[in-house]
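Asks: Submitted below is the structure of interest, expressed as structure tokens.
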Amino acid sequence: MSYAVTVSRQLVHRAAICEVFLTDTQRRSDNEFLVAAQLPRVHSYYSDHLVTPAAYDPFLLLEVFRQTSILVAHEHCAVPLDRKFSFNSGEFTVLDTKALEIGRLPGRGLLTAAITGEKHRGAELVGVTLEMRLAVDGHDAASMTMTIQWMPGDAWDMLRERGRAALDLETPRPHPSGRRLSPAAVGRRSPDNVVLAEAAVVGRRVVAQVIVDQAHPALFDHPLDHIPGALFFEAYRQTALHAAHELLGLSPRRLTLTHCAAAFTRFGEFELPTVCQADLVEDRETPGAAVFRMEMLQEQTVISTAEVALRCTSPIGKFLIPASAQASAPHAC
């Protein structure tokens, strides 16, 4: 596998060359493929974290998986470049946090991807489910199961027109005014990478307004007609980090995301305010993790759901949970 140059931007649906992380691909069998990726050690979005020690952002790996799914579709499934893609669902897991530690050279990723499900419309392949696994510098790092589908541009336009016609999008709605949460509240350094505005605690739930900044160079690499999944994932993570602090007294600088399973049921519309809410849940099958069940809503309608697990990165070895939260707290890490 070669790491000399990146694949074409068209093959991973990116506008900026610096946002392309895949470098090569090979077919192993009818439904199994290899993909190479180079992980940047410094990036304005993926490197902007307070967590220590410095490590590759789990969502950088998730983006590598996303790009892999599109590359496999175009290169190995002969999907035309003009097709419009949608991300239906995905389950992402960090297998070993030590494998994400940043070394002295850009990380070399090697992915194995297998098509485990297909969706057809008549004789035409219109979607796949992929089981993927990523090693970084020879160490198993993360896995992801992802379901995507695609359609011609005219079919996409009809789908979007029908969906939007059912909504009153001509009436202006109040949106977050731009008063973002402090970067430290969500484990960030730069306010430009904060995607949450006002947040409130209601019992064991945290509710936050989502800022949809279409000028963000990574989350909005190119113009879109809907809110992208990448922003949903980031809003889920930041809401979970803020909830871990508000409900359990945990510092966002000592937590990292290790699991995120999300499903997308409706398009997120730019005209509608978006709210993310996180409910703390007990999960005795995930010791040492703070687990949240999450929803993304637009005007009380759920457009996406997720479950997020956060783990402690501190060598101290325990969550510092206040006594008042002990009864509802997850297991110590």
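Residue numbers start at 1 in each chain; chains themselves are named A, B, ... in the order of the structure tokens; ligands are numbered from 1 in the order shown.
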Find the residues around range 174-181 of chain A up to 6 Å (only C-alpha atoms counted), leave out those fewer than 4 positions away in its own chain, and share them as a VMD selection string.

Replies: chain A and resid 196 to 197 273

Asks: For Met296 in chain A, find every residue with an atom within 6 Å (counting only C-alpha atoms), except residues of its own chain fewer than 4 positions away, and show them as a VMD selection string.

Replies: chain A and resid 275 to 276 302 to 304

Asks: Write the residues of the selection above to a file with C-alpha atoms, as a short mmCIF file (atom, residue, chain, number, x, y, z; two decimals), in the first residue's frame.

Replies:
data_model
loop_
_atom_site.label_atom_id
_atom_site.label_comp_id
_atom_site.auth_asym_id
_atom_site.auth_seq_id
_atom_site.Cartn_x
_atom_site.Cartn_y
_atom_site.Cartn_z
CA VAL A 275 -31.16 21.06 19.82
CA CYS A 276 -29.04 18.24 21.22
CA VAL A 302 -36.20 13.77 16.52
CA ILE A 303 -33.98 13.73 13.45
CA SER A 304 -31.15 11.59 14.84
#

Asks: Compile the contact shell of Leu224 in chain A as a list in words: residues with an atom at most 10 Å away, counting only C-alpha atoms, same-chain residues fewer than 4 positions apart removed.

Replies: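 Once the adjacent positions are removed, what remains is Gln214, Phe220, Pro228 and Phe270 of chain A.
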
Asks: Return as a PyMOL selection string the full set of residues in range 25-161 of chain A whose backbone-based DSSP assignment is strand (DSSP E).

Replies: chain A and resi 25-29+32-39+84-94+107-121+124-136+139-151

Asks: So the first atom is CA of Ala278 in chain A and the second is CA of Arg254 in chain A; what is the distance between them in Å, to one decimal place?

Replies: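 Value for the CA of Ala278 in chain A-CA of Arg254 in chain A distance: 18.9 Å.
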
Asks: What parts of range 74-234 of chain A does DSSP call alpha helix (DSSP H)? I'd like the answer as a list in words.

Replies: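 So the alpha helix (DSSP H) residues in range 74-234 of chain A would be His74, Glu75, His76, Gly153, Asp154, Ala155, Trp156, Asp157, Met158, Leu159, Arg160, Glu161, Arg162, Gly163, Arg164, Ala165, Gly229, Ala230, Leu231, Phe232, Phe233 and Glu234 of chain A.
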
Asks: Write out as an MDAnalysis selection string the residues lying within 10 Å of Arg27 in chain A, counting only C-alpha atoms and excluding same-chain residues fewer than 4 positions away.

Replies: chainID A and resid 31:35 72 75:76 112:113

Asks: Calculated over only C-alpha atoms, which of the candidates A:Gly122, A:Gly163, A:Pro40, A:Gly90 has the smallest distance to Arg104 in chain A?

Replies: A:Pro40

Asks: Excluding same-chain residues fewer than 3 positions from Asp137 in chain A, what lies within 9 Å of it counting only C-alpha atoms, as number ranges by chain?

Replies: A: 99, 107-110, 140

Asks: Restricting the output to N, CA, C and O atoms, write the selected residues as a short mmCIF file (atom, residue, chain, number, x, y, z; two decimals), in the first residue's frame.

Replies:
data_model
loop_
_atom_site.label_atom_id
_atom_site.label_comp_id
_atom_site.auth_asym_id
_atom_site.auth_seq_id
_atom_site.Cartn_x
_atom_site.Cartn_y
_atom_site.Cartn_z
N ALA A 99 -3.29 3.11 20.92
CA ALA A 99 -2.98 3.09 19.50
C ALA A 99 -3.20 4.45 18.86
O ALA A 99 -2.73 4.70 17.74
N GLY A 107 0.75 9.35 11.32
CA GLY A 107 0.32 7.97 11.50
C GLY A 107 -0.03 7.31 10.18
O GLY A 107 -0.64 7.92 9.30
N ARG A 108 0.35 6.05 10.06
CA ARG A 108 -0.02 5.26 8.88
C ARG A 108 -1.18 4.34 9.25
O ARG A 108 -1.04 3.46 10.10
N GLY A 109 -2.29 4.60 8.61
CA GLY A 109 -3.47 3.78 8.87
C GLY A 109 -3.65 2.73 7.78
O GLY A 109 -3.40 3.00 6.59
N LEU A 110 -4.06 1.54 8.18
CA LEU A 110 -4.39 0.49 7.24
C LEU A 110 -5.76 -0.05 7.61
O LEU A 110 -5.96 -0.55 8.72
N ASP A 140 -4.10 -2.23 16.30
CA ASP A 140 -5.55 -2.11 16.15
C ASP A 140 -6.05 -0.89 16.92
O ASP A 140 -5.79 -0.75 18.11
#

Asks: Excluding Thr23 in chain A and its own-chain neighbours fewer than 3 positions away, which residues fall within 6 Å of it when counting only C-alpha atoms? Please give them as a JSON list (two decimals) with N, CA, C and O atoms, in the first residue's frame.

Replies:
[["chain", "number", "residue", "atom", "x", "y", "z"],
["A", 3, "TYR", "N", 1.64, 5.33, 0.55],
["A", 3, "TYR", "CA", 1.28, 6.51, 1.33],
["A", 3, "TYR", "C", 1.86, 7.77, 0.71],
["A", 3, "TYR", "O", 1.97, 8.81, 1.37],
["A", 5, "VAL", "N", 0.84, 9.69, -2.05],
["A", 5, "VAL", "CA", -0.07, 10.76, -2.46],
["A", 5, "VAL", "C", -1.48, 10.39, -2.01],
["A", 5, "VAL", "O", -1.79, 9.23, -1.78],
["A", 6, "THR", "N", -2.33, 11.41, -1.90],
["A", 6, "THR", "CA", -3.72, 11.14, -1.54],
["A", 6, "THR", "C", -4.52, 10.74, -2.78],
["A", 6, "THR", "O", -4.12, 11.02, -3.92],
["A", 7, "VAL", "N", -5.64, 10.07, -2.55],
["A", 7, "VAL", "CA", -6.54, 9.75, -3.65],
["A", 7, "VAL", "C", -7.21, 11.03, -4.13],
["A", 7, "VAL", "O", -7.15, 12.08, -3.47],
["A", 36, "ALA", "N", -5.46, 2.51, 2.55],
["A", 36, "ALA", "CA", -4.39, 3.16, 3.32],
["A", 36, "ALA", "C", -4.76, 4.60, 3.61],
["A", 36, "ALA", "O", -5.43, 5.26, 2.80],
["A", 37, "ALA", "N", -4.33, 5.10, 4.77],
["A", 37, "ALA", "CA", -4.63, 6.47, 5.17],
["A", 37, "ALA", "C", -3.44, 7.04, 5.93],
["A", 37, "ALA", "O", -2.76, 6.33, 6.68]]

Asks: Residues at most 8 Å from range 190-194 of chain A, counting only C-alpha atoms, excluding those fewer than 3 positions away in the same chain, as a count of residues only?

Replies: 9

Asks: Pick from A:Met132, A:Ile227, A:Leu250, A:Leu60: nearest to Leu272 in chain A, with only C-alpha atoms counted?

Replies: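 The closest residue to Leu272 in chain A is A:Ile227.
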
Asks: Kindly give the distance, in Å, that separates CA of Ile17 in chain A and CA of Tyr46 in chain A, rounded to a single decimal.

Replies: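 Atom-to-atom, CA of Ile17 in chain A and CA of Tyr46 in chain A are spaced 15.5 Å apart.
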
Asks: What does the distance between CA of Phe59 in chain A and CA of Ala263 in chain A come to in Å, to one decimal place?

Replies: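 These two atoms are separated by 16.2 Å.
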